[in-house]
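This report concerns only the one structure given below.
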Amino acid sequence: MSSVLRQPASEQDPLMAAEYRPISSHLAITPPVSVVIPAMNEAENLPYVFKTLPGWIHEVVLVDGNSTDNTVEVARELWPGVKVVEQSGKGKGDALITGFEACTGDIIVMVDADGSADGQEIVSYVSALVSGADFAKGSRFANGGGTDDMTFIRKLGNWALCTIVNRKFGARYTDLCYGYNAFWRHCLDKIDLDCTGFEIETLINVRVVKAGLRVQEIPSYEYLRIHGTSNLRAVRDGLRVLGVILRERSNRRALRRRVRRSPMLGTGQGESS
C-alpha cells in the first residue's frame, strides 16, 4: 500500500513509477487521497484553505450547503478540478456523509472550510495511515498540537467529554471534538454514520473504537477562523455530543445483553465446556 522512495524514478520501471504519488523526499504512496470540505458561505476563507492543500491530492470534494455567496465559484477558480456536491440536507454531519459518498480515493481526509486547519499537516495523517493505522485522529492536545480557538469553558467541556469516552469505551484520546481527521474509505463500512450535526465528529471517534480499528493521534494546530462567525454553540452542541456518547453506550450494553441471551451462543458455550 505504501513505499519509501529509495532511488530516482528514472532508474525504476516507468509504468511502476507512475503509480506513486510523491509526498515528501522520503515517502511516496499509491493510494489516492480525497479531501472532503463541507462549506456554507465560506468564499472568503477558501483561498486560505486551498493554498495549504498539497498538490499530490487525488481530489477535493467540496460539499456546498446551499451557499448564498460565491463559495462554489471561488472553489472552482482555486482548484479547477474540484468536485462540487450540493448538500440536500442540513448540518455538518449530513455534509460530511454526503462528501464521503462522493469520494473515489482510498484515503479520506476531513478538513473544515473556515481556515482553521493547515492542509500541510495532511502528510502526517496520510503517513500514519500508510504505516498501519486505520484512523488518524487529529488532536490539539497531543504533544506538538495546539489551538487559538478554544475558550476555557470549551476546553473544560472537551476534556470532560473525552474522559467519559475514554473510560466508557476504552479509548485513549486526548481530544474528542475536533474535525480534522483521516481514515481509509473501507472504514465507513464498519462505523455506519447516521447523524447530521456537529456531533458527527464524536460519533466517528466512538464508533471507530467500538469497531476495534487501529487509531493513531496526530498533533494538529487549530487557528482562529479567518472570516465570519462559527455556528458552533458550546452548551447546545456539548449536550448533543453527550447525548451521542450516552446513546452509543446504551447501544453497546444492549448488544452485550443480546449476545448473552443468544440461544446459539449459550449452546456453543455448553458444548465447549
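Identifiers in the C-alpha cells: chain A, B, ... in order shown; residue index from 1 per chain; ligand index from 1 in order shown.
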Strand (DSSP E) residues, from DSSP on the backbone, in region 7-165 of chain A, as a ChimeraX atom specification: /A:21-22,28-29,33-39,59-64,83-86,107-110,135-139,146-147
I need the chosen residues saved as a tab-separated table (two decimals), in the first residue's frame, with N, CA and C atoms.
```tsv
chain	number	residue	atom	x	y	z
A	21	ARG	N	2.57	8.52	-5.77
A	21	ARG	CA	2.39	9.97	-5.58
A	21	ARG	C	3.43	10.43	-4.57
A	22	PRO	N	4.40	11.23	-4.99
A	22	PRO	CA	5.41	11.70	-4.04
A	22	PRO	C	4.77	12.59	-2.98
A	28	ALA	N	6.55	8.04	-0.73
A	28	ALA	CA	5.59	8.11	-1.83
A	28	ALA	C	4.53	7.06	-1.57
A	29	ILE	N	3.31	7.31	-2.03
A	29	ILE	CA	2.22	6.38	-1.77
A	29	ILE	C	1.50	6.03	-3.07
A	33	VAL	N	-5.79	10.02	-2.45
A	33	VAL	CA	-6.29	10.70	-1.26
A	33	VAL	C	-7.37	11.71	-1.65
A	34	SER	N	-8.54	11.59	-1.02
A	34	SER	CA	-9.63	12.53	-1.21
A	34	SER	C	-9.75	13.43	0.00
A	35	VAL	N	-9.93	14.73	-0.23
A	35	VAL	CA	-10.12	15.69	0.85
A	35	VAL	C	-11.56	16.20	0.77
A	36	VAL	N	-12.31	16.04	1.86
A	36	VAL	CA	-13.70	16.49	1.92
A	36	VAL	C	-13.79	17.79	2.71
A	37	ILE	N	-14.38	18.81	2.09
A	37	ILE	CA	-14.51	20.13	2.72
A	37	ILE	C	-15.98	20.53	2.72
A	38	PRO	N	-16.67	20.44	3.85
A	38	PRO	CA	-18.03	20.95	3.92
A	38	PRO	C	-18.02	22.48	4.04
A	39	ALA	N	-18.81	23.16	3.26
A	39	ALA	CA	-18.74	24.63	3.25
A	39	ALA	C	-20.11	25.25	3.02
A	59	GLU	N	-8.13	14.21	-5.16
A	59	GLU	CA	-9.32	15.00	-5.44
A	59	GLU	C	-9.73	15.80	-4.22
A	60	VAL	N	-10.39	16.92	-4.49
A	60	VAL	CA	-11.00	17.73	-3.44
A	60	VAL	C	-12.50	17.69	-3.67
A	61	VAL	N	-13.23	17.27	-2.64
A	61	VAL	CA	-14.69	17.21	-2.71
A	61	VAL	C	-15.25	18.32	-1.84
A	62	LEU	N	-15.83	19.33	-2.46
A	62	LEU	CA	-16.44	20.44	-1.72
A	62	LEU	C	-17.94	20.18	-1.63
A	63	VAL	N	-18.45	20.08	-0.42
A	63	VAL	CA	-19.88	19.89	-0.21
A	63	VAL	C	-20.49	21.24	0.11
A	64	ASP	N	-21.26	21.78	-0.80
A	64	ASP	CA	-21.83	23.11	-0.63
A	64	ASP	C	-23.19	23.04	0.05
A	83	LYS	N	-14.42	18.70	-7.11
A	83	LYS	CA	-15.71	18.04	-7.29
A	83	LYS	C	-16.70	18.71	-6.34
A	84	VAL	N	-17.67	19.40	-6.90
A	84	VAL	CA	-18.66	20.10	-6.09
A	84	VAL	C	-19.91	19.23	-5.95
A	85	VAL	N	-20.31	19.03	-4.70
A	85	VAL	CA	-21.52	18.24	-4.42
A	85	VAL	C	-22.49	19.13	-3.66
A	86	GLU	N	-23.70	19.25	-4.14
A	86	GLU	CA	-24.71	20.06	-3.48
A	86	GLU	C	-25.33	19.25	-2.33
A	107	ILE	N	-8.13	6.91	0.64
A	107	ILE	CA	-7.97	7.62	1.90
A	107	ILE	C	-8.84	8.87	1.86
A	108	ILE	N	-9.55	9.13	2.96
A	108	ILE	CA	-10.41	10.31	3.05
A	108	ILE	C	-9.92	11.20	4.19
A	109	VAL	N	-9.77	12.49	3.91
A	109	VAL	CA	-9.35	13.47	4.90
A	109	VAL	C	-10.46	14.49	5.09
A	110	MET	N	-10.81	14.78	6.34
A	110	MET	CA	-11.83	15.78	6.66
A	110	MET	C	-11.15	17.10	7.00
A	135	PHE	N	-7.34	4.76	11.35
A	135	PHE	CA	-7.93	6.08	11.59
A	135	PHE	C	-6.87	7.00	12.17
A	136	ALA	N	-6.62	8.12	11.52
A	136	ALA	CA	-5.66	9.12	12.00
A	136	ALA	C	-6.46	10.26	12.63
A	137	LYS	N	-6.37	10.37	13.94
A	137	LYS	CA	-7.19	11.29	14.72
A	137	LYS	C	-6.43	12.54	15.06
A	138	GLY	N	-6.86	13.67	14.53
A	138	GLY	CA	-6.22	14.93	14.85
A	138	GLY	C	-6.43	15.29	16.31
A	139	SER	N	-5.40	15.82	16.96
A	139	SER	CA	-5.52	16.21	18.37
A	139	SER	C	-4.81	17.53	18.61
A	146	GLY	N	-1.98	22.21	19.31
A	146	GLY	CA	-2.34	23.45	19.98
A	146	GLY	C	-3.58	24.07	19.37
A	147	THR	N	-4.07	25.13	19.96
A	147	THR	CA	-5.26	25.80	19.44
A	147	THR	C	-5.27	27.27	19.82
```
Can you pull out the residues contacting Gly93 (chain A)? Cut-off 10 Å, using only C-alpha atoms, and skip same-chain residues under 3 positions away; I want them as an MDAnalysis selection string. chainID A and resid 38 89:90 96:99 193:201 203
Set the distance at 12 Å and use only C-alpha atoms: which residues neighbour Val74 (chain A) once local chain neighbours fewer than 2 positions away are removed? I'd like the list as a VMD selection string. chain A and resid 39 41 to 50 62 64 67 69 to 72 76 to 80 82 84
Selection above as a file: C-alpha atoms, as a PDB file, in the first residue's frame:
```
ATOM      1  CA  ALA A  39     -18.738  24.625   3.245  1.00  0.00           C
ATOM      2  CA  ASN A  41     -20.815  30.775   2.698  1.00  0.00           C
ATOM      3  CA  GLU A  42     -17.046  30.341   3.063  1.00  0.00           C
ATOM      4  CA  ALA A  43     -15.938  32.156  -0.107  1.00  0.00           C
ATOM      5  CA  GLU A  44     -13.635  34.490   1.845  1.00  0.00           C
ATOM      6  CA  ASN A  45     -11.941  31.625   3.694  1.00  0.00           C
ATOM      7  CA  LEU A  46     -11.422  29.198   0.832  1.00  0.00           C
ATOM      8  CA  PRO A  47      -8.292  30.946  -0.547  1.00  0.00           C
ATOM      9  CA  TYR A  48      -6.549  30.279   2.784  1.00  0.00           C
ATOM     10  CA  VAL A  49      -7.800  26.681   2.853  1.00  0.00           C
ATOM     11  CA  PHE A  50      -6.836  25.747  -0.691  1.00  0.00           C
ATOM     12  CA  LEU A  62     -16.442  20.440  -1.723  1.00  0.00           C
ATOM     13  CA  ASP A  64     -21.831  23.114  -0.633  1.00  0.00           C
ATOM     14  CA  SER A  67     -24.310  28.922  -0.019  1.00  0.00           C
ATOM     15  CA  ASP A  69     -22.248  33.785  -1.651  1.00  0.00           C
ATOM     16  CA  ASN A  70     -19.854  32.662  -4.402  1.00  0.00           C
ATOM     17  CA  THR A  71     -18.348  29.744  -2.473  1.00  0.00           C
ATOM     18  CA  VAL A  72     -18.660  27.345  -5.417  1.00  0.00           C
ATOM     19  CA  ARG A  76     -13.589  26.133  -8.893  1.00  0.00           C
ATOM     20  CA  GLU A  77     -11.272  29.046  -9.571  1.00  0.00           C
ATOM     21  CA  LEU A  78      -8.812  27.992  -6.867  1.00  0.00           C
ATOM     22  CA  TRP A  79      -8.892  24.246  -7.658  1.00  0.00           C
ATOM     23  CA  PRO A  80     -10.143  23.731 -11.248  1.00  0.00           C
ATOM     24  CA  VAL A  82     -12.694  20.351  -7.570  1.00  0.00           C
ATOM     25  CA  VAL A  84     -18.660  20.103  -6.088  1.00  0.00           C
TER      26      VAL A  84
END
```
Looking at A:Asn66, A:Gln120, A:Asn166, A:Gln216, which one is nearest to Lys51 (chain A), with distances taken over only C-alpha atoms?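 Closest to Lys51 (chain A) of all the choices is A:Gln120.
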So which residues of region 20-258 of chain A fall under helix (DSSP H, G or I) by DSSP, listed as number ranges by chain? A: 46-51, 71-78, 92-102, 119-130, 152-169, 185-191, 200-210, 234-258
Could you save the residues just selected, with C-alpha atoms, as a JSON list (two decimals), in the first residue's frame?
```json
[["chain", "number", "residue", "atom", "x", "y", "z"],
["A", 46, "LEU", "CA", -11.42, 29.20, 0.83],
["A", 47, "PRO", "CA", -8.29, 30.95, -0.55],
["A", 48, "TYR", "CA", -6.55, 30.28, 2.78],
["A", 49, "VAL", "CA", -7.80, 26.68, 2.85],
["A", 50, "PHE", "CA", -6.84, 25.75, -0.69],
["A", 51, "LYS", "CA", -3.40, 27.35, -0.68],
["A", 71, "THR", "CA", -18.35, 29.74, -2.47],
["A", 72, "VAL", "CA", -18.66, 27.34, -5.42],
["A", 73, "GLU", "CA", -17.23, 29.77, -7.97],
["A", 74, "VAL", "CA", -14.26, 30.58, -5.75],
["A", 75, "ALA", "CA", -13.58, 26.88, -5.16],
["A", 76, "ARG", "CA", -13.59, 26.13, -8.89],
["A", 77, "GLU", "CA", -11.27, 29.05, -9.57],
["A", 78, "LEU", "CA", -8.81, 27.99, -6.87],
["A", 92, "LYS", "CA", -22.20, 19.33, 9.24],
["A", 93, "GLY", "CA", -22.79, 15.63, 9.74],
["A", 94, "ASP", "CA", -25.07, 15.43, 6.73],
["A", 95, "ALA", "CA", -22.50, 17.39, 4.67],
["A", 96, "LEU", "CA", -19.66, 15.05, 5.62],
["A", 97, "ILE", "CA", -21.68, 11.91, 4.92],
["A", 98, "THR", "CA", -22.62, 13.36, 1.53],
["A", 99, "GLY", "CA", -18.97, 14.12, 0.83],
["A", 100, "PHE", "CA", -17.78, 10.67, 1.89],
["A", 101, "GLU", "CA", -20.23, 9.06, -0.54],
["A", 102, "ALA", "CA", -18.80, 11.16, -3.39],
["A", 119, "GLY", "CA", -3.53, 21.48, 4.90],
["A", 120, "GLN", "CA", 0.20, 20.86, 5.10],
["A", 121, "GLU", "CA", -0.50, 18.61, 8.08],
["A", 122, "ILE", "CA", -2.24, 16.13, 5.78],
["A", 123, "VAL", "CA", 1.11, 14.47, 5.12],
["A", 124, "SER", "CA", 1.24, 13.41, 8.79],
["A", 125, "TYR", "CA", -2.23, 11.91, 8.64],
["A", 126, "VAL", "CA", -1.55, 10.01, 5.43],
["A", 127, "SER", "CA", 1.82, 8.79, 6.69],
["A", 128, "ALA", "CA", 0.11, 7.33, 9.76],
["A", 129, "LEU", "CA", -2.44, 5.51, 7.62],
["A", 130, "VAL", "CA", 0.01, 4.01, 5.15],
["A", 152, "PHE", "CA", -11.54, 27.82, 28.89],
["A", 153, "ILE", "CA", -15.13, 26.56, 29.08],
["A", 154, "ARG", "CA", -14.83, 24.74, 25.75],
["A", 155, "LYS", "CA", -11.51, 23.19, 26.79],
["A", 156, "LEU", "CA", -13.06, 22.02, 30.04],
["A", 157, "GLY", "CA", -16.06, 20.58, 28.24],
["A", 158, "ASN", "CA", -13.89, 18.83, 25.68],
["A", 159, "TRP", "CA", -11.75, 17.34, 28.44],
["A", 160, "ALA", "CA", -14.79, 16.09, 30.35],
["A", 161, "LEU", "CA", -16.42, 14.52, 27.29],
["A", 162, "CYS", "CA", -13.09, 12.99, 26.21],
["A", 163, "THR", "CA", -12.63, 11.49, 29.68],
["A", 164, "ILE", "CA", -16.09, 9.90, 29.54],
["A", 165, "VAL", "CA", -15.39, 8.33, 26.14],
["A", 166, "ASN", "CA", -12.02, 7.01, 27.27],
["A", 167, "ARG", "CA", -13.48, 5.41, 30.39],
["A", 168, "LYS", "CA", -16.66, 4.05, 28.85],
["A", 169, "PHE", "CA", -15.22, 2.75, 25.57],
["A", 185, "ARG", "CA", -12.51, 4.62, 2.97],
["A", 186, "HIS", "CA", -13.31, 0.99, 3.80],
["A", 187, "CYS", "CA", -13.68, 2.02, 7.46],
["A", 188, "LEU", "CA", -17.02, 3.61, 6.58],
["A", 189, "ASP", "CA", -18.48, 0.11, 6.26],
["A", 190, "LYS", "CA", -17.69, -0.51, 9.94],
["A", 191, "ILE", "CA", -18.84, 2.74, 11.55],
["A", 200, "ILE", "CA", -20.66, 13.68, 13.82],
["A", 201, "GLU", "CA", -17.03, 14.03, 14.89],
["A", 202, "THR", "CA", -17.68, 12.43, 18.27],
["A", 203, "LEU", "CA", -19.78, 9.69, 16.69],
["A", 204, "ILE", "CA", -16.91, 8.82, 14.34],
["A", 205, "ASN", "CA", -14.44, 8.70, 17.22],
["A", 206, "VAL", "CA", -16.65, 6.47, 19.34],
["A", 207, "ARG", "CA", -17.61, 4.04, 16.58],
["A", 208, "VAL", "CA", -14.02, 3.72, 15.42],
["A", 209, "VAL", "CA", -13.12, 2.46, 18.90],
["A", 210, "LYS", "CA", -16.19, 0.20, 19.10],
["A", 234, "ALA", "CA", -20.67, 25.35, 23.25],
["A", 235, "VAL", "CA", -23.54, 24.40, 25.57],
["A", 236, "ARG", "CA", -26.03, 23.30, 22.93],
["A", 237, "ASP", "CA", -23.53, 21.25, 20.94],
["A", 238, "GLY", "CA", -21.86, 19.93, 24.08],
["A", 239, "LEU", "CA", -25.18, 18.47, 25.19],
["A", 240, "ARG", "CA", -25.70, 16.92, 21.77],
["A", 241, "VAL", "CA", -22.24, 15.34, 21.97],
["A", 242, "LEU", "CA", -23.06, 13.97, 25.42],
["A", 243, "GLY", "CA", -26.30, 12.57, 24.01],
["A", 244, "VAL", "CA", -24.35, 10.71, 21.32],
["A", 245, "ILE", "CA", -21.98, 9.24, 23.91],
["A", 246, "LEU", "CA", -24.83, 8.06, 26.14],
["A", 247, "ARG", "CA", -26.73, 6.58, 23.20],
["A", 248, "GLU", "CA", -23.68, 4.70, 21.95],
["A", 249, "ARG", "CA", -23.04, 3.41, 25.48],
["A", 250, "SER", "CA", -26.65, 2.21, 25.73],
["A", 251, "ASN", "CA", -26.42, 0.52, 22.34],
["A", 252, "ARG", "CA", -23.26, -1.25, 23.46],
["A", 253, "ARG", "CA", -24.94, -2.56, 26.60],
["A", 254, "ALA", "CA", -27.98, -3.71, 24.63],
["A", 255, "LEU", "CA", -25.73, -5.60, 22.23],
["A", 256, "ARG", "CA", -23.96, -7.34, 25.10],
["A", 257, "ARG", "CA", -27.30, -8.42, 26.57],
["A", 258, "ARG", "CA", -28.42, -9.83, 23.21]]
```
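With distances restricted to only C-alpha atoms, A:Asp134 is the closest residue to Glu217 (chain A) from A:Asp112, A:Asp192, A:Asp149, A:Asp134.
The spacing separating CA of Tyr221 (chain A) from CA of Thr104 (chain A) amounts to 27.6 Å.
Using only C-alpha atoms, the smallest distance between any of A:Met150, A:Leu53, A:Ile218, A:Ala171 and Gly115 (chain A) comes from A:Leu53.
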